[in-house]
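Asks: So here's data21.txt, just compact mmCIF, C-alpha atoms:
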```
# COMPACT_ATOMS: atom_id res chain seq x y z
CA MET A 1 115.06 67.09 104.33
CA LYS A 2 118.74 67.97 104.48
CA LEU A 3 119.70 71.63 104.14
CA HIS A 4 122.60 72.57 101.94
CA ASP A 5 124.26 75.87 101.14
CA THR A 6 122.54 78.01 103.78
CA PRO A 7 123.55 81.69 103.59
CA SER A 8 125.20 83.07 106.68
CA THR A 9 123.51 85.36 109.20
CA GLU A 10 126.42 87.80 109.10
CA ASN A 11 125.80 91.26 107.63
CA LEU A 12 122.09 90.97 107.10
CA PRO A 13 120.19 94.10 106.02
CA THR A 14 119.74 96.28 109.07
CA TYR A 15 118.72 99.75 110.29
CA ARG A 16 121.07 102.56 111.25
CA THR A 17 118.24 103.82 113.47
CA PRO A 18 116.18 100.77 114.42
CA PRO A 19 112.41 101.22 114.20
CA ILE A 20 110.00 100.12 116.90
CA SER A 21 110.31 96.37 117.44
CA GLY A 22 108.08 94.27 115.18
CA ASN A 23 107.36 92.10 118.21
CA GLN A 24 105.91 95.10 120.02
CA ILE A 25 103.76 95.97 116.99
CA ASN A 26 102.60 92.35 116.83
CA GLY A 27 101.45 92.53 120.48
CA LEU A 28 104.00 90.16 122.02
CA GLY A 29 103.36 89.86 125.76
CA ILE A 30 99.86 91.37 125.50
CA LYS A 31 97.22 89.27 127.29
CA GLU A 32 94.18 91.19 126.03
CA LYS A 33 92.61 90.44 122.67
CA ASN A 34 93.51 93.09 120.09
CA ARG A 35 93.31 93.49 116.37
CA PRO A 36 96.62 93.10 114.52
CA LYS A 37 98.57 96.08 113.18
CA ARG A 38 100.40 96.11 109.87
CA VAL A 39 104.10 95.55 110.31
CA PHE A 40 105.42 94.28 106.94
CA HIS A 41 104.06 93.50 103.47
CA ALA A 42 102.31 96.83 102.95
CA LEU A 43 103.94 98.26 99.82
CA TRP A 44 101.12 100.69 99.13
CA ARG A 45 102.02 102.59 102.31
CA THR A 46 105.22 104.44 103.07
CA ASP A 47 104.48 105.33 106.68
CA PHE A 48 104.88 102.08 108.61
CA PRO A 49 107.92 101.42 110.79
CA TRP A 50 109.44 98.53 108.79
CA ALA A 51 108.81 100.15 105.38
CA GLY A 52 112.54 100.32 104.52
CA MET A 53 113.02 96.59 105.07
CA ASN A 54 109.81 95.90 103.13
CA ALA A 55 111.05 97.99 100.19
CA PHE A 56 114.39 96.20 100.20
CA PHE A 57 112.58 92.84 100.19
CA ILE A 58 111.15 93.80 96.77
CA MET A 59 114.39 95.39 95.53
CA ASN A 60 116.35 92.26 96.39
CA ASN A 61 114.10 89.92 94.36
CA PRO A 62 115.45 88.42 91.15
CA TRP A 63 113.41 89.27 88.06
CA GLU A 64 111.56 85.91 87.90
CA LEU A 65 110.22 86.40 91.41
CA LEU A 66 109.21 90.00 90.83
CA TRP A 67 107.41 89.02 87.61
CA GLU A 68 105.35 86.38 89.45
CA ALA A 69 104.42 88.96 92.09
CA LEU A 70 103.38 91.59 89.52
CA LYS A 71 101.27 89.06 87.56
CA TYR A 72 99.63 87.92 90.77
CA ARG A 73 98.62 91.43 91.86
CA TRP A 74 97.25 92.21 88.42
CA ASN A 75 95.07 89.08 88.47
CA MET A 76 93.83 89.75 91.99
CA ARG A 77 91.98 92.86 90.79
CA ARG A 78 89.22 90.36 89.96
CA SER A 79 88.84 89.63 93.67
CA THR A 80 85.45 91.22 93.70
CA GLY A 81 82.88 92.35 91.20
CA PRO A 82 79.20 92.63 90.34
CA VAL A 83 76.75 90.29 92.09
CA ALA A 84 74.00 88.59 90.04
CA ARG A 85 70.59 90.16 90.68
CA GLN A 86 68.80 86.85 90.96
CA ARG A 87 69.73 85.20 94.24
CA VAL A 88 69.68 81.46 94.87
CA GLU A 89 68.07 81.10 98.31
CA VAL A 90 69.89 78.85 100.75
CA ASN A 91 67.62 76.65 102.85
CA ALA A 92 70.24 74.11 103.88
CA PRO A 93 73.59 75.78 104.81
CA ASN A 94 75.29 72.39 105.15
CA GLU A 95 74.34 71.43 101.58
CA MET A 96 75.54 74.79 100.25
CA ALA A 97 78.81 74.41 102.19
CA GLN A 98 79.31 70.99 100.62
CA GLN A 99 78.49 72.34 97.16
CA LEU A 100 81.01 75.18 97.48
CA LYS A 101 83.70 72.84 98.78
CA GLU A 102 83.19 70.61 95.76
CA LYS A 103 83.38 73.67 93.50
CA ALA A 104 86.62 74.76 95.18
CA LYS A 105 88.10 71.31 94.55
CA GLU A 106 86.92 71.47 90.96
CA PHE A 107 88.75 74.81 90.60
CA GLY A 108 91.95 73.21 91.89
CA THR A 109 92.19 73.52 95.67
CA GLY A 110 93.74 70.77 97.74
CA ILE A 111 92.04 71.46 101.08
CA VAL A 112 89.08 73.64 102.01
CA GLY A 113 87.18 74.56 105.20
CA ILE A 114 84.69 77.16 106.43
CA THR A 115 84.66 79.37 109.51
CA GLU A 116 83.25 82.65 110.80
CA ILE A 117 85.30 85.85 110.52
CA MET A 118 86.12 87.51 113.87
CA PRO A 119 87.31 91.12 114.35
CA GLU A 120 90.75 89.80 115.41
CA ASP A 121 91.18 88.30 111.94
CA LEU A 122 91.29 91.79 110.38
CA TYR A 123 93.99 94.43 110.52
CA ASP A 124 93.04 97.38 112.69
CA ASP A 125 92.76 99.76 109.72
CA VAL A 126 89.90 97.92 107.96
CA GLU A 127 86.28 97.01 108.44
CA LEU A 128 84.90 93.95 106.73
CA ASN A 129 81.24 93.29 106.08
CA TYR A 130 81.42 89.57 105.52
CA ARG A 131 80.48 86.85 107.96
CA TYR A 132 82.02 83.68 106.57
CA ALA A 133 85.47 82.69 105.37
CA ILE A 134 86.00 79.82 102.96
CA CYS A 135 89.65 78.91 103.50
CA ILE A 136 91.56 77.27 100.68
CA GLY A 137 94.97 75.60 100.62
CA VAL A 138 97.10 74.55 97.63
CA PRO A 139 100.37 72.62 98.04
CA MET A 140 103.66 73.97 96.77
CA ARG A 141 105.85 71.77 94.54
CA ARG A 142 108.13 70.06 96.98
CA GLU A 143 110.96 69.56 94.47
CA GLU A 144 111.13 73.34 94.01
CA MET A 145 110.80 74.09 97.72
CA LEU A 146 113.77 71.85 98.51
CA HIS A 147 115.84 74.79 97.21
CA VAL A 148 115.13 76.93 100.30
CA PRO A 149 116.38 79.50 101.17
CA HIS A 150 117.19 80.49 97.59
CA ALA A 151 115.35 82.38 94.87
CA ARG A 152 114.06 79.22 93.18
CA ALA A 153 111.98 78.37 96.26
CA GLY A 154 110.83 82.00 96.55
CA GLN A 155 109.60 81.85 92.99
CA GLU A 156 107.64 78.68 93.76
CA VAL A 157 106.01 80.40 96.76
CA GLN A 158 104.90 83.28 94.54
CA ARG A 159 103.71 80.89 91.80
CA CYS A 160 101.66 78.99 94.37
CA TYR A 161 100.11 82.24 95.64
CA GLY A 162 99.06 82.85 92.04
CA GLU A 163 97.49 79.39 91.86
CA VAL A 164 95.66 79.53 95.19
CA GLY A 165 94.59 83.13 94.49
CA GLY A 166 93.20 81.96 91.14
CA VAL A 167 91.08 79.32 92.89
CA ALA A 168 89.77 81.95 95.30
CA ILE A 169 88.90 84.29 92.40
CA GLU A 170 86.98 81.55 90.58
CA LEU A 171 85.13 80.49 93.71
CA ALA A 172 84.21 84.10 94.55
CA GLU A 173 82.98 84.63 90.98
CA TYR A 174 80.84 81.51 91.26
CA ILE A 175 79.27 82.71 94.54
CA ARG A 176 78.55 86.12 93.03
CA SER A 177 76.96 84.40 90.02
CA ILE A 178 74.37 82.84 92.34
CA GLY A 179 73.51 86.23 93.83
CA TRP A 180 75.67 86.47 96.96
CA PRO A 181 78.55 88.88 97.57
CA ALA A 182 82.00 87.31 97.77
CA TYR A 183 85.52 88.63 98.01
CA ALA A 184 88.72 86.71 97.22
CA TYR A 185 91.73 87.35 99.44
CA GLY A 186 95.16 86.33 98.27
CA ASP A 187 98.68 86.56 99.64
CA PRO A 188 99.64 88.51 102.79
CA ARG A 189 101.23 91.34 100.80
CA SER A 190 97.95 92.77 99.61
CA THR A 191 95.17 91.57 101.88
CA ASP A 192 93.40 92.93 104.91
CA ILE A 193 92.96 89.66 106.80
CA LEU A 194 95.13 87.11 108.59
CA GLN A 195 94.83 83.86 106.66
CA ILE A 196 96.35 81.46 109.18
CA PRO A 197 94.04 81.95 112.18
CA LEU A 198 91.04 81.62 109.87
CA ALA A 199 92.39 78.44 108.25
CA ILE A 200 93.03 76.89 111.66
CA ARG A 201 89.49 77.60 112.85
CA ALA A 202 88.20 76.23 109.51
CA GLY A 203 89.85 72.91 110.30
CA LEU A 204 92.60 72.99 107.67
CA GLY A 205 95.32 72.27 110.21
CA GLN A 206 97.05 73.39 113.38
CA LEU A 207 99.77 75.85 114.22
CA GLY A 208 103.35 74.68 114.38
CA LYS A 209 106.21 75.99 116.48
CA HIS A 210 107.57 77.65 113.32
CA GLY A 211 104.54 79.94 113.11
CA SER A 212 102.97 78.37 110.03
CA ILE A 213 99.96 76.14 109.60
CA ILE A 214 100.55 72.38 109.53
CA CYS A 215 97.97 70.28 107.75
CA LYS A 216 97.77 66.51 107.57
CA GLU A 217 97.80 66.42 103.78
CA TYR A 218 100.80 68.65 102.98
CA GLY A 219 102.43 69.54 106.29
CA SER A 220 103.52 73.18 106.06
CA ASN A 221 104.20 72.95 102.36
CA VAL A 222 101.00 74.83 101.54
CA ARG A 223 99.79 78.36 100.70
CA LEU A 224 96.44 79.79 101.69
CA SER A 225 93.78 82.07 100.33
CA THR A 226 90.31 82.96 101.58
CA VAL A 227 86.94 83.81 100.08
CA ALA A 228 84.88 86.06 102.36
CA THR A 229 81.14 85.88 101.78
CA ASN A 230 77.72 86.24 103.35
CA ILE A 231 76.08 83.20 101.80
CA PRO A 232 74.74 81.08 104.71
CA LEU A 233 77.11 78.18 105.29
CA ALA A 234 77.62 75.42 107.84
CA LEU A 235 80.88 75.89 109.74
CA ASP A 236 83.72 73.43 110.12
CA LYS A 237 85.44 72.83 113.44
CA PRO A 238 89.13 73.13 114.32
CA ILE A 239 90.94 69.81 114.14
CA ASP A 240 93.51 68.13 116.35
CA ILE A 241 96.04 66.09 114.38
CA GLY A 242 98.61 66.04 117.17
CA VAL A 243 100.79 68.96 116.02
CA ASP A 244 101.53 70.21 119.53
CA ASP A 245 102.42 66.70 120.69
CA LEU A 246 105.27 66.70 118.17
CA CYS A 247 106.24 70.40 118.30
CA ILE A 248 106.77 70.33 122.06
CA GLY A 249 109.55 67.76 121.73
CA CYS A 250 110.78 68.37 118.17
CA ARG A 251 113.48 70.99 117.73
CA ARG A 252 114.09 70.64 114.00
CA CYS A 253 112.90 74.12 112.94
CA THR A 254 114.37 75.72 116.07
CA MET A 255 117.80 74.31 115.31
CA ASP A 256 117.72 74.85 111.54
CA CYS A 257 116.53 78.48 111.73
CA PRO A 258 119.74 80.42 110.89
CA PRO A 259 118.82 83.60 112.81
CA ASN A 260 117.43 81.64 115.82
CA ALA A 261 114.02 83.26 115.52
CA ILE A 262 112.02 80.20 116.65
CA THR A 263 111.65 79.52 120.35
CA ASP A 264 110.59 76.40 122.23
CA LYS A 265 108.07 78.17 124.42
CA LYS A 266 104.63 79.52 123.70
CA GLN A 267 104.06 83.18 124.54
CA TRP A 268 101.19 85.64 124.96
CA VAL A 269 100.41 87.48 121.73
CA ARG A 270 97.32 89.72 121.60
CA GLY A 271 95.35 87.62 124.04
CA GLU A 272 96.42 84.17 122.81
CA TYR A 273 98.99 81.93 124.45
CA ARG A 274 100.72 80.49 121.42
CA TRP A 275 103.86 79.83 119.42
CA TYR A 276 105.51 82.99 118.22
CA VAL A 277 108.39 83.61 115.80
CA ASP A 278 110.65 86.55 116.76
CA PHE A 279 109.91 89.13 114.06
CA ASP A 280 113.05 91.21 114.59
CA LYS A 281 115.30 88.16 114.15
CA CYS A 282 113.32 86.49 111.35
CA VAL A 283 112.68 89.38 108.98
CA PRO A 284 116.23 90.53 108.09
CA TYR A 285 117.14 86.93 107.12
CA PHE A 286 113.75 86.47 105.41
CA THR A 287 114.46 89.64 103.40
CA ALA A 288 118.01 88.64 102.46
CA THR A 289 116.94 85.16 101.29
CA TYR A 290 113.83 85.89 99.16
CA GLY A 291 111.39 84.66 101.80
CA CYS A 292 113.59 81.98 103.45
CA ALA A 293 111.02 79.19 104.24
CA ILE A 294 113.61 76.87 105.78
CA CYS A 295 111.39 76.21 108.80
CA ILE A 296 108.41 75.03 106.77
CA GLU A 297 110.45 72.70 104.59
CA VAL A 298 112.52 71.04 107.33
CA CYS A 299 109.35 70.39 109.35
CA PRO A 300 108.80 66.60 109.60
CA TRP A 301 105.14 67.10 108.61
CA SER A 302 106.21 68.50 105.22
CA GLU A 303 107.72 65.21 104.06
CA PRO A 304 105.40 63.91 101.32
CA ASP A 305 102.78 61.33 102.42
CA ARG A 306 103.93 61.46 106.02
CA GLY A 307 101.20 63.52 107.72
CA THR A 308 98.45 60.93 108.04
CA LYS A 309 100.68 58.26 109.58
CA LEU A 310 102.41 60.79 111.83
CA SER A 311 99.06 62.08 113.07
CA GLN A 312 97.76 58.57 113.79
CA MET A 313 100.93 57.68 115.67
CA LEU A 314 100.87 60.85 117.79
CA LEU A 315 97.19 60.50 118.69
CA VAL A 316 97.60 56.81 119.63
CA LYS A 317 100.58 57.72 121.79
CA ARG A 318 98.63 60.48 123.49
CA ASN A 319 95.71 58.17 124.21
CA LYS A 320 98.07 55.55 125.63
CA ASN A 321 99.62 58.13 127.94
CA GLY A 322 96.15 59.21 128.99
CA SER A 323 96.78 62.92 128.47
CA SER A 324 94.34 65.07 126.58
CA PRO A 325 95.80 68.54 126.19
CA ASP A 326 93.48 71.31 125.16
CA ARG A 327 95.40 72.28 122.08
CA VAL A 328 92.80 72.57 119.39
CA GLY A 329 92.69 76.03 117.90
CA SER A 330 95.95 77.23 119.40
CA LEU A 331 97.39 79.85 117.12
CA THR A 332 100.55 81.45 115.98
CA TYR A 333 101.52 82.96 112.67
CA ARG A 334 104.40 84.33 110.72
CA VAL A 335 104.74 87.72 109.12
CA MET B 1 85.67 112.30 103.93
CA SER B 2 87.76 110.12 106.21
CA ASP B 3 91.52 110.73 106.47
CA LYS B 4 92.14 107.02 107.04
CA PRO B 5 94.49 105.73 104.34
CA LYS B 6 92.88 103.17 102.08
CA THR B 7 94.38 99.70 102.07
CA PHE B 8 95.56 97.99 98.90
CA ALA B 9 92.36 95.94 98.81
CA GLU B 10 90.13 98.98 99.39
CA GLN B 11 91.80 100.79 96.50
CA PHE B 12 91.89 98.03 93.93
CA TYR B 13 89.20 95.48 94.73
CA LEU B 14 86.01 97.27 93.77
CA GLU B 15 82.51 96.03 94.48
CA ASP B 16 79.67 96.92 92.13
CA ALA B 17 81.93 99.17 90.08
CA SER B 18 80.83 100.62 86.74
CA PHE B 19 82.85 100.07 83.56
CA ILE B 20 84.51 103.49 83.93
CA GLN B 21 85.39 102.84 87.59
CA ARG B 22 86.91 99.49 86.66
CA LEU B 23 88.88 101.12 83.87
CA LYS B 24 90.21 103.79 86.25
CA ARG B 25 91.09 101.08 88.76
CA ASP B 26 93.00 99.12 86.10
CA VAL B 27 94.97 102.23 85.08
CA ARG B 28 95.86 103.00 88.72
CA LEU B 29 96.83 99.41 89.40
CA LEU B 30 99.00 99.27 86.28
CA HIS B 31 100.63 102.51 87.41
CA PHE B 32 101.33 101.06 90.87
CA LEU B 33 102.78 97.86 89.36
CA PHE B 34 104.84 99.91 86.94
CA MET B 35 106.21 102.02 89.82
CA THR B 36 107.11 98.82 91.66
CA PHE B 37 108.90 97.63 88.52
CA VAL B 38 110.72 100.97 88.17
CA MET B 39 111.79 100.75 91.82
CA TRP B 40 113.17 97.27 91.12
CA VAL B 41 115.01 98.35 87.93
CA LYS B 42 116.58 101.32 89.73
CA SER B 43 117.72 99.09 92.56
CA ARG B 44 120.22 97.09 90.53
CA LYS B 45 123.02 99.05 92.17
CA VAL B 46 121.44 98.40 95.57
CA ARG B 47 121.47 94.64 94.99
CA THR B 48 125.12 94.77 93.94
CA GLU B 49 125.96 96.90 96.97
CA PHE B 50 124.17 94.45 99.26
CA GLN B 51 126.15 91.51 97.87
CA ARG B 52 129.37 93.49 98.23
CA CYS B 53 128.56 94.33 101.86
CA ARG B 54 127.74 90.68 102.59
CA ALA B 55 131.08 89.59 101.13
CA SER B 56 133.18 92.29 102.74
CA ASN B 57 131.67 92.23 106.23
CA GLU B 58 130.21 95.72 106.02
CA PRO B 59 126.81 96.69 107.39
CA PHE B 60 124.03 97.28 104.88
CA TYR B 61 121.41 99.80 105.99
CA VAL B 62 117.82 99.89 104.74
CA ASP B 63 116.69 103.16 106.42
CA ARG B 64 116.98 105.08 103.13
CA PHE B 65 114.52 102.88 101.20
CA ALA B 66 110.79 103.49 100.83
CA PRO B 67 108.10 101.39 99.15
CA PRO B 68 106.45 102.83 96.01
CA GLY B 69 103.35 103.80 98.03
CA LEU B 70 100.13 105.14 96.57
CA ASN B 71 98.40 108.47 96.37
CA ARG B 72 95.24 108.50 98.44
```
Could I get this file's structure written as structure tokens?
Replies:
Amino acid sequence: MKLHDTPSTENLPTYRTPPISGNQINGLGIKEKNRPKRVFHALWRTDFPWAGMNAFFIMNNPWELLWEALKYRWNMRRSTGPVARQRVEVNAPNEMAQQLKEKAKEFGTGIVGITEIMPEDLYDDVELNYRYAICIGVPMRREEMLHVPHARAGQEVQRCYGEVGGVAIELAEYIRSIGWPAYAYGDPRSTDILQIPLAIRAGLGQLGKHGSIICKEYGSNVRLSTVATNIPLALDKPIDIGVDDLCIGCRRCTMDCPPNAITDKKQWVRGEYRWYVDFDKCVPYFTATYGCAICIEVCPWSEPDRGTKLSQMLLVKRNKNGSSPDRVGSLTYRV
Amino acid sequence: MSDKPKTFAEQFYLEDASFIQRLKRDVRLLHFLFMTFVMWVKSRKVRTEFQRCRASNEPFYVDRFAPPGLNR
């Protein structure tokens, strides 16, 4: 993908009195496992350090984008609801997992996987009483996303959140209809969980240098949602499609990131050694450009129909070279 | 009662709620969305000012802004 008409990094929205660094809040440099703290995307609160930037992110949206966001939040009120009294007992968790995956595909998901929810997947101000996460991914329309970093691409991101959130709502309603509690989580602006680490452990993809998930089917051109539930399910395993093999040598997102927020080295973040995008550099540009998304669209994996071949090539090359890096499950995520 | 602020999900995604509770939730959510909309409508001048600052090489500060927030 070739970028055109990229807004400059001069005169981005800024603070007269800078708040605490978002990198510090995110736990950059911390080697102990910790739960994440809210740093952005928390409109219902007014007391978090980056609240001013968060408010301006909404103010700066064109009407079409705001409308998609309002519709989405209204629909997500159906995230949970009454559970049927008669419960379908689950004797074979693997069969139930398969059944729910087929249902998710029927409702419109592209990719789906299942994992267990860990405390580190939740923000530090919430408790969650669910054991399993059914992670769902729906691709964005590439022809719209080629307009990054402009409002048209931002609108497509929000539309896709609506679509993937709708799948999660339908799947959660189905699970509740067979007598098990289930809770649909949508976009990062209103949820209590981190979608990307869960999706990686559920085998949907791996983490890229640009801080987003990369899956074989759609590259990074995908949005996620999650259904949390207690229905007994067989778990999926993290996958290795060779993302690190490419990211280590590829500098496409690093070079195309206008504010230079992407680095070529992994770093310690809350007990994980992983890729990390500099929050303080990324967010002002992200805010000024309706969600930016340059890094996920210039990623070679996001080219349509390229992932499978790219993965095969990288894994063959690795086997030839005889190296077997322990990269499965390595994490990083964006705001 | 805990002083911990409720998250968006805790306030609006209700489990086993009665009809009345769901109705109250819908009214509160509509109010929150309306306040977000009002914030956006009022910020037309802010958007213009931001574009002017971008064009004229002036800094644009966000300290003065606050999200709509919610009553606990």
Asks: To one decimal place, how far is atom CA of Asp256 of chain A from atom CA of Ile294 of chain A in Å?
Replies: 7.4 Å
Asks: Could you work out which residues of chain A fall inside 8 Å of chain B? Count all atoms listed in the file, and format the result as a PyMOL selection string.
Replies: chain A and resi 10-17+42-46+51-56+58-60+66+70+74+76-83+125-126+190-192
Asks: Of the candidates A:Lys320, A:Arg85, A:Lys33, A:His150, which shows the shortest atom-to-atom distance to Tyr285 of chain A, using all atoms listed in the file?
Replies: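 Closest candidate: A:His150.
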Asks: Rank nothing, just name the residue among A:Gly108, A:Ala151, A:Pro300, A:Gly242 nearest to Leu315 of chain A, using all atoms listed in the file.
Replies: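 That would be A:Gly242, the residue with the smallest distance to Leu315 of chain A.
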Asks: As an exercise, work out the distance from atom CA of Leu233 of chain A to atom CA of Asn221 of chain A in Å and give it to one decimal place.
Replies: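 Value for the atom CA of Leu233 of chain A-atom CA of Asn221 of chain A distance: 27.7 Å.
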Asks: So the first atom is atom CA of Glu49 of chain B and the second is atom CA of Ala153 of chain A; what is the distance between them in Å, to one decimal place?
Replies: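 Rounded to one decimal, the two atoms are 23.2 Å apart.
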Asks: Excluding segment 177-180 of chain A and any residue of its chain fewer than 4 positions from it, enumerate the residues within 9 Å of it, using all atoms listed in the file, and give them as a count of residues only.
Replies: 13
